[in-house]
Number of protein chains: 2
Amino acid sequence: MSAKDVYHDKVKIALQKEDWLVTHDPLLIELSSGRLEIDLGAEKLIAAQKNGLKIAVEVKSFLAPSTTSEFHTALGQFLNYRVALKVKEPSRVIFLAVPVKVYRNFFLGELAQLSIAEYNVKLLIFDPEQEVIVEWKN
Amino acid sequence: MSAKDVYHDKVKIALQKEDWLVTHDPLLIELSSGRLEIDLGAEKLIAAQKNGLKIAVEVKSFLAPSTTSEFHTALGQFLNYRVALKVKEPSRVIFLAVPVKVYRNFFLGELAQLSIAEYNVKLLIFDPEQEVIVEWKN
C-alpha cells in the first residue's frame, strides 16, 4: 500500500462537488506481475450516454524539493497505469491531478509541455484550498 | 546534481569494453524550464556510416524496496529525457540501463512488458559483477 497523497481527499471532495460518484478509493488493477493502486476511480452519469463516464485519477501534491524529480515519477505512474487500464478496463480514462499553483509554475514550462503533448497526458487541475476542480485538460 | 546511480561506473566500463567512447558524464540538456542530466552520453564509429552512432544512457540500479515504484520513476525519466532529446539532439538514441537480474525478475513481468511495448522503451541490459553488456533491446 502506498501512502495516500496529502491532497487525495481534497481531490475526492472536488470531484464530488461536480457530481462525480467516487466508486473506488483506491482503484486496484490486478496484473500477473502484481497489483497497481490508482488513487481514485469515479463515475458520472451523462444524460445522452447509456453508460456512465468512468475515470481514474492519480493525485500528485508536488511538495517534494525537486519538482522535476516528482514529475518523472508522476509521468511514469500515469503512463504505467494507463497501459494497465488499456488491458484491464479500456473504457476508463485516466487523469493526473495536479495543484493549480504547480500547474502554473511548472506544467507550463518547456519540459512538462513537451511531455504532455508527446505522451498525451490528461490533467485535472485542482485548487487544494477551495477543494474545487479548476480545469480539465484533455 | 542528482546522486550518481551505484551502477553508473559499471555501465561506463561495460560500454568502453564494447568500444564506445563515453563523451558525456553526465550528458546535460538545457531547456528553458531547467537543465536535465542524463547519466552518460557515448559515441561509436561505424564503418559504413559517415557520422558516429550516438546514444544516451540512463542507469537504474533497482535496489529500492519497491521495484514497481522505481520502475515508475525510471519510465518517467526515460520518456522525459527522450522528448527533450527529440527537440535538442534528435539523432541521439536513449537507452535505459538495467541490471540483468532485475531484467529477468521484473522486466519480463506483465507491467514492464506492456509499458516497454507501448512506449517503445529501449533497454541496455548489463551484468554489474562482470561489468559487461548482456543485451541491447531495441
# chains A, B, ... in the order shown; residues from 1 in each chain; ligands from 1

$ select_by_dssp --residues "stretch 68-125 of chain A" --states "strand (DSSP E or B)" --output "MDAnalysis selection string"
chainID A and resid 93:99 123:125

$ write_last_selection --atoms "N, CA and C atoms" --output "CSV table (one decimal), in the first residue's frame"
chain,number,residue,atom,x,y,z
A,93,VAL,N,-10.9,6.4,-18.4
A,93,VAL,CA,-9.9,7.4,-18.8
A,93,VAL,C,-9.1,7.9,-17.6
A,94,ILE,N,-7.8,7.9,-17.7
A,94,ILE,CA,-7.0,8.3,-16.5
A,94,ILE,C,-6.5,9.8,-16.6
A,95,PHE,N,-6.6,10.4,-15.5
A,95,PHE,CA,-6.1,11.8,-15.4
A,95,PHE,C,-5.1,11.9,-14.3
A,96,LEU,N,-4.2,12.8,-14.5
A,96,LEU,CA,-3.2,13.2,-13.4
A,96,LEU,C,-3.7,14.5,-12.8
A,97,ALA,N,-3.9,14.4,-11.5
A,97,ALA,CA,-4.5,15.6,-10.7
A,97,ALA,C,-3.3,16.4,-10.2
A,98,VAL,N,-3.2,17.6,-10.5
A,98,VAL,CA,-2.1,18.5,-10.0
A,98,VAL,C,-2.7,19.8,-9.5
A,99,PRO,N,-2.0,20.3,-8.4
A,99,PRO,CA,-2.5,21.6,-7.8
A,99,PRO,C,-2.3,22.7,-8.8
A,123,LEU,N,-4.8,16.1,-17.8
A,123,LEU,CA,-4.6,16.7,-16.5
A,123,LEU,C,-6.0,17.1,-15.9
A,124,LEU,N,-6.0,17.0,-14.5
A,124,LEU,CA,-7.1,17.5,-13.8
A,124,LEU,C,-6.5,18.5,-12.8
A,125,ILE,N,-6.7,19.8,-13.1
A,125,ILE,CA,-6.1,20.9,-12.3
A,125,ILE,C,-7.0,21.3,-11.1

$ interface_residues --of "chain B" --to "chain A" --cutoff "8 Å" --atoms "only C-alpha atoms" --output "list in words"
Leu31, Ser32, Ser33, Phe71, His72, Thr73, Ala74, Leu75, Gly76, Gln77, Leu79, Asn80, Val83, Ala84, Phe106, Gly109, Glu110, Leu111, Leu114, Ser115 and Glu118 of chain B

$ write_last_selection --atoms "C-alpha atoms" --output "mmCIF file, in the first residue's frame"
data_model
loop_
_atom_site.group_PDB
_atom_site.id
_atom_site.type_symbol
_atom_site.label_atom_id
_atom_site.label_comp_id
_atom_site.auth_asym_id
_atom_site.auth_seq_id
_atom_site.Cartn_x
_atom_site.Cartn_y
_atom_site.Cartn_z
ATOM 1 C CA LEU B 31 15.665 23.503 -21.655
ATOM 2 C CA SER B 32 14.087 26.859 -20.861
ATOM 3 C CA SER B 33 12.417 25.142 -17.890
ATOM 4 C CA PHE B 71 10.076 1.448 -12.468
ATOM 5 C CA HIS B 72 7.553 4.334 -12.417
ATOM 6 C CA THR B 73 10.418 6.780 -11.875
ATOM 7 C CA ALA B 74 12.687 5.091 -14.429
ATOM 8 C CA LEU B 75 9.955 5.137 -17.089
ATOM 9 C CA GLY B 76 9.174 8.797 -16.431
ATOM 10 C CA GLN B 77 12.840 9.802 -16.536
ATOM 11 C CA LEU B 79 10.442 9.342 -21.501
ATOM 12 C CA ASN B 80 11.119 12.896 -20.300
ATOM 13 C CA VAL B 83 11.270 14.026 -25.523
ATOM 14 C CA ALA B 84 13.933 16.581 -24.541
ATOM 15 C CA PHE B 106 10.871 -7.756 -13.126
ATOM 16 C CA GLY B 109 6.627 -9.404 -15.957
ATOM 17 C CA GLU B 110 3.305 -8.121 -17.297
ATOM 18 C CA LEU B 111 3.511 -4.432 -16.312
ATOM 19 C CA LEU B 114 3.193 -3.806 -21.508
ATOM 20 C CA SER B 115 4.917 -0.477 -20.915
ATOM 21 C CA GLU B 118 3.531 0.640 -25.583
#

$ residues_around --residues "stretch 14-17 of chain B" --least-positions-apart "2" --cutoff "8 Å" --atoms "only C-alpha atoms" --output "list of chain:residue names"
B:Lys10, B:Val11, B:Lys12, B:Asp19, B:Trp20, B:Leu21, B:Val22, B:Phe126, B:Glu131, B:Val132, B:Ile133

$ residues_around --residues "B:Leu45" --least-positions-apart "2" --cutoff "10 Å" --atoms "only C-alpha atoms" --output "PyMOL selection string"
chain B and resi 19-21+43+47-54

$ write_last_selection --atoms "N, CA and C atoms" --output "short mmCIF file (atom, residue, chain, number, x, y, z; two decimals), in the first residue's frame"
data_model
loop_
_atom_site.label_atom_id
_atom_site.label_comp_id
_atom_site.auth_asym_id
_atom_site.auth_seq_id
_atom_site.Cartn_x
_atom_site.Cartn_y
_atom_site.Cartn_z
N ASP B 19 33.90 -0.81 -27.08
CA ASP B 19 34.42 0.23 -27.97
C ASP B 19 33.54 1.48 -28.10
N TRP B 20 32.72 1.72 -27.09
CA TRP B 20 32.01 3.00 -27.07
C TRP B 20 32.93 4.05 -26.45
N LEU B 21 32.93 5.23 -27.04
CA LEU B 21 33.66 6.36 -26.48
C LEU B 21 32.65 7.13 -25.61
N GLU B 43 29.47 7.49 -27.94
CA GLU B 43 29.51 7.53 -29.40
C GLU B 43 30.35 6.36 -29.90
N ALA B 47 31.77 1.68 -39.42
CA ALA B 47 32.48 1.77 -40.71
C ALA B 47 31.60 2.31 -41.83
N ALA B 48 30.39 1.82 -41.91
CA ALA B 48 29.54 2.16 -43.05
C ALA B 48 28.87 3.54 -42.92
N GLN B 49 28.99 4.16 -41.74
CA GLN B 49 28.29 5.42 -41.52
C GLN B 49 29.24 6.61 -41.50
N LYS B 50 28.80 7.69 -42.09
CA LYS B 50 29.63 8.89 -42.10
C LYS B 50 29.76 9.44 -40.68
N ASN B 51 28.63 9.53 -40.00
CA ASN B 51 28.63 10.04 -38.63
C ASN B 51 28.55 8.88 -37.64
N GLY B 52 29.17 9.05 -36.49
CA GLY B 52 29.12 8.01 -35.48
C GLY B 52 27.71 7.82 -34.95
N LEU B 53 27.49 6.68 -34.32
CA LEU B 53 26.22 6.39 -33.67
C LEU B 53 26.28 7.02 -32.27
N LYS B 54 25.25 7.80 -31.93
CA LYS B 54 25.26 8.48 -30.64
C LYS B 54 24.14 7.95 -29.75
#

$ atom_distance --atom1 "atom CA of B:Ile38" --atom2 "atom CA of A:Lys101"
27.6 Å

$ closest_residue --among "A:Ile29, A:Ile55, A:Ser61, A:Glu18" --to "A:Lys4" --atoms "only C-alpha atoms"
A:Ser61

$ select_by_dssp --residues "chain A" --states "helix (DSSP H, G or I)" --output "VMD selection string"
chain A and resid 8 to 17 67 to 88 100 to 107 110 to 119

$ write_last_selection --atoms "N, CA and C atoms" --output "CSV table (one decimal), in the first residue's frame"
chain,number,residue,atom,x,y,z
A,8,HIS,N,-5.1,13.9,-1.6
A,8,HIS,CA,-6.1,12.8,-2.0
A,8,HIS,C,-7.5,13.2,-1.7
A,9,ASP,N,-7.8,13.5,-0.4
A,9,ASP,CA,-9.2,13.8,0.0
A,9,ASP,C,-9.7,15.1,-0.6
A,10,LYS,N,-8.8,16.0,-0.8
A,10,LYS,CA,-9.3,17.3,-1.4
A,10,LYS,C,-9.7,17.1,-2.9
A,11,VAL,N,-9.1,16.2,-3.6
A,11,VAL,CA,-9.5,15.9,-5.0
A,11,VAL,C,-10.8,15.1,-4.9
A,12,LYS,N,-10.9,14.3,-4.0
A,12,LYS,CA,-12.1,13.5,-3.9
A,12,LYS,C,-13.3,14.4,-3.6
A,13,ILE,N,-13.2,15.3,-2.7
A,13,ILE,CA,-14.2,16.3,-2.4
A,13,ILE,C,-14.5,17.2,-3.7
A,14,ALA,N,-13.5,17.6,-4.3
A,14,ALA,CA,-13.7,18.4,-5.5
A,14,ALA,C,-14.5,17.7,-6.6
A,15,LEU,N,-14.2,16.4,-6.8
A,15,LEU,CA,-14.9,15.6,-7.7
A,15,LEU,C,-16.4,15.5,-7.4
A,16,GLN,N,-16.6,15.2,-6.1
A,16,GLN,CA,-18.0,15.1,-5.6
A,16,GLN,C,-18.8,16.4,-5.8
A,17,LYS,N,-18.1,17.5,-5.6
A,17,LYS,CA,-18.8,18.8,-5.8
A,17,LYS,C,-19.3,18.9,-7.3
A,67,THR,N,10.7,19.5,-8.1
A,67,THR,CA,9.5,19.3,-8.9
A,67,THR,C,9.8,18.4,-10.1
A,68,THR,N,11.0,18.6,-10.7
A,68,THR,CA,11.3,17.8,-11.9
A,68,THR,C,11.4,16.3,-11.5
A,69,SER,N,12.0,15.9,-10.4
A,69,SER,CA,12.0,14.5,-10.0
A,69,SER,C,10.6,14.0,-9.8
A,70,GLU,N,9.8,14.8,-9.1
A,70,GLU,CA,8.4,14.4,-8.8
A,70,GLU,C,7.7,14.2,-10.2
A,71,PHE,N,8.0,15.0,-11.1
A,71,PHE,CA,7.3,14.9,-12.4
A,71,PHE,C,7.7,13.6,-13.1
A,72,HIS,N,9.0,13.3,-13.0
A,72,HIS,CA,9.4,12.0,-13.6
A,72,HIS,C,8.6,10.8,-13.1
A,73,THR,N,8.5,10.8,-11.7
A,73,THR,CA,7.7,9.7,-11.1
A,73,THR,C,6.2,9.8,-11.5
A,74,ALA,N,5.7,11.0,-11.5
A,74,ALA,CA,4.2,11.2,-11.9
A,74,ALA,C,4.0,10.7,-13.3
A,75,LEU,N,4.9,11.1,-14.2
A,75,LEU,CA,4.7,10.7,-15.6
A,75,LEU,C,4.7,9.2,-15.7
A,76,GLY,N,5.7,8.6,-15.1
A,76,GLY,CA,5.9,7.1,-15.1
A,76,GLY,C,4.7,6.4,-14.5
A,77,GLN,N,4.2,6.9,-13.4
A,77,GLN,CA,3.0,6.3,-12.8
A,77,GLN,C,1.8,6.4,-13.7
A,78,PHE,N,1.6,7.6,-14.2
A,78,PHE,CA,0.4,7.9,-15.1
A,78,PHE,C,0.5,6.9,-16.3
A,79,LEU,N,1.6,6.8,-16.9
A,79,LEU,CA,1.7,6.0,-18.2
A,79,LEU,C,1.7,4.5,-17.9
A,80,ASN,N,2.2,4.1,-16.8
A,80,ASN,CA,2.1,2.7,-16.4
A,80,ASN,C,0.7,2.3,-16.1
A,81,TYR,N,0.0,3.2,-15.3
A,81,TYR,CA,-1.4,2.9,-15.0
A,81,TYR,C,-2.3,2.9,-16.3
A,82,ARG,N,-1.9,3.9,-17.2
A,82,ARG,CA,-2.7,3.9,-18.4
A,82,ARG,C,-2.6,2.7,-19.3
A,83,VAL,N,-1.4,2.1,-19.4
A,83,VAL,CA,-1.3,0.9,-20.2
A,83,VAL,C,-1.9,-0.3,-19.5
A,84,ALA,N,-1.9,-0.3,-18.2
A,84,ALA,CA,-2.6,-1.4,-17.4
A,84,ALA,C,-4.1,-1.3,-17.6
A,85,LEU,N,-4.6,0.0,-17.5
A,85,LEU,CA,-6.1,0.2,-17.8
A,85,LEU,C,-6.5,-0.2,-19.2
A,86,LYS,N,-5.6,0.1,-20.1
A,86,LYS,CA,-5.9,-0.3,-21.5
A,86,LYS,C,-6.2,-1.7,-21.7
A,87,VAL,N,-5.5,-2.6,-20.9
A,87,VAL,CA,-5.7,-4.0,-21.0
A,87,VAL,C,-6.9,-4.4,-20.1
A,88,LYS,N,-7.0,-3.9,-18.9
A,88,LYS,CA,-8.0,-4.4,-18.0
A,88,LYS,C,-9.3,-3.6,-18.0
A,100,VAL,N,-3.2,23.7,-8.7
A,100,VAL,CA,-3.2,24.8,-9.7
A,100,VAL,C,-1.9,25.6,-9.7
A,101,LYS,N,-1.3,25.8,-8.5
A,101,LYS,CA,-0.1,26.6,-8.4
A,101,LYS,C,1.1,25.8,-9.1
A,102,VAL,N,1.1,24.5,-8.9
A,102,VAL,CA,2.2,23.7,-9.6
A,102,VAL,C,1.9,23.7,-11.1
A,103,TYR,N,0.7,23.7,-11.5
A,103,TYR,CA,0.4,23.7,-12.9
A,103,TYR,C,1.0,25.0,-13.5
A,104,ARG,N,0.7,26.2,-12.8
A,104,ARG,CA,1.2,27.5,-13.4
A,104,ARG,C,2.7,27.6,-13.3
A,105,ASN,N,3.3,27.1,-12.2
A,105,ASN,CA,4.7,27.3,-12.1
A,105,ASN,C,5.6,26.3,-12.8
A,106,PHE,N,5.1,25.1,-13.0
A,106,PHE,CA,5.9,24.0,-13.6
A,106,PHE,C,5.3,23.4,-14.9
A,107,PHE,N,4.0,23.2,-14.9
A,107,PHE,CA,3.5,22.5,-16.0
A,107,PHE,C,3.4,23.3,-17.3
A,110,GLU,N,8.8,24.3,-20.3
A,110,GLU,CA,9.1,23.5,-21.6
A,110,GLU,C,9.1,22.0,-21.4
A,111,LEU,N,9.7,21.5,-20.4
A,111,LEU,CA,9.8,20.0,-20.2
A,111,LEU,C,8.4,19.4,-20.1
A,112,ALA,N,7.6,20.0,-19.2
A,112,ALA,CA,6.2,19.4,-19.0
A,112,ALA,C,5.4,19.6,-20.2
A,113,GLN,N,5.5,20.7,-20.9
A,113,GLN,CA,4.6,20.9,-22.1
A,113,GLN,C,5.0,20.0,-23.2
A,114,LEU,N,6.3,19.7,-23.3
A,114,LEU,CA,6.8,18.7,-24.3
A,114,LEU,C,6.2,17.3,-24.0
A,115,SER,N,6.4,16.9,-22.8
A,115,SER,CA,5.9,15.6,-22.4
A,115,SER,C,4.4,15.4,-22.5
A,116,ILE,N,3.7,16.4,-22.0
A,116,ILE,CA,2.3,16.3,-22.0
A,116,ILE,C,1.7,16.2,-23.4
A,117,ALA,N,2.4,16.9,-24.3
A,117,ALA,CA,1.9,16.8,-25.8
A,117,ALA,C,2.4,15.5,-26.4
A,118,GLU,N,3.6,15.1,-26.1
A,118,GLU,CA,4.1,13.8,-26.7
A,118,GLU,C,3.4,12.6,-26.2
A,119,TYR,N,3.1,12.5,-24.9
A,119,TYR,CA,2.5,11.3,-24.4
A,119,TYR,C,1.0,11.5,-24.1

$ closest_residue --among "A:Thr23, A:Pro65, A:Ala56, A:Tyr7" --to "A:Glu129" --atoms "only C-alpha atoms"
A:Tyr7
